[in-house]
Structures are given as structure tokens and as C-alpha cells.
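*Asks:* First, the structure itself, so that you have it in front of you.
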Amino acid sequence: MKPETHRCKCLHCKMLFVPDYRNRGRQKYCSAEECQQTSKRARQQRWLSKPENRAHFRGAENVQRVQEWRKAHPGYWKR
């Protein structure tokens, strides 16, 4: 038997959509490109607002890690 389809309202465009059955309780945005971009912005803001994540990419060890990666991958940014 097919599961019952439950529709949700997108937080960005306010249109009704059928969420993916695996994420039915968590999906808040539809699959439209603009809504996905808004969703990503919201996720990033939520992640950066946590105190333990504010300095995640700062510090001497991260600077060294990035410098080593850049030496190992010369010209990456030119592609």
C-alpha cells in the first residue's frame, strides 16, 4: 500500500509541496532553485551562530592545513 502523501508549505515561496518521504518531518523548503538557495543560507547562518563554530576555520593549524593543500594542488583556482 502506498503511504499517504502529506503536503507542506515551503518557508520561502509559501507554495505547497510533497516532501521526500525519508525527510517528511524535517523538510521545510521545496525543490525550487531559489528556495534551495534560501535553505542553504539559513543552514549556514544557523551553523555559524553556534559559539563552538564561530572560529572553526581560524587558527594556526587551519592556516597551515590550507597552505599545505594549496602547495599540493597548484593551479586549482585557475581551472
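All residue names refer to the C-alpha cells as shown: chains lettered A, B, ... in order, residues numbered from 1 in each chain, ligands numbered from 1 in order.
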Name all residues at most 12 Å from stretch 15-24 of chain A (count only C-alpha atoms; drop same-chain ones fewer than 4 positions away) and give them as a list of chain:residue names.
*Replies:*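 Here the answer would be A:Lys2, A:Pro3, A:Glu4, A:Thr5, A:His6, A:Arg7, A:Cys8, A:Lys9, A:Cys10, A:Leu11, A:Lys28, A:Tyr29, A:Cys30, A:Ser31, A:Ala32, A:Cys35.
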*Asks:* If you run DSSP on this backbone, which residues of chain A come out as strand (DSSP E or B), and could you give them as a ChimeraX atom specification?
*Replies:* /A:8-9,16-17
*Asks:* Apply DSSP to the backbone of this structure and, from chain A, keep only the residues in alpha helix (DSSP H); write these as JSON, numbers by chain.
*Replies:* {"A": [33, 34, 35, 36, 37, 38, 39, 40, 41, 42, 43, 44, 45, 46, 47, 48, 49, 60, 61, 62, 63, 64, 65, 66, 67, 68, 69, 70, 71, 72]}
*Asks:* For A:Arg41, which residue among A:Lys71, A:Asn62, A:Gly25, A:His12 is the nearest when counting only C-alpha atoms?
*Replies:* A:His12
*Asks:* By how many Å are atom CA of A:Gly75 and atom CA of A:Gly59 apart?
*Replies:*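 We find that atom CA of A:Gly75 and atom CA of A:Gly59 lie 24.5 Å from each other.
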*Asks:* Quick check, in Å to one decimal: how far apart do atom CA of A:Trp69 and atom CA of A:Leu48 lie?
*Replies:* 23.8 Å
*Asks:* Just give me the gap between atom CA of A:Arg65 and atom CA of A:Asn53 in Å, one decimal is fine.
*Replies:*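 Here the two named atoms are 17.7 Å from each other.
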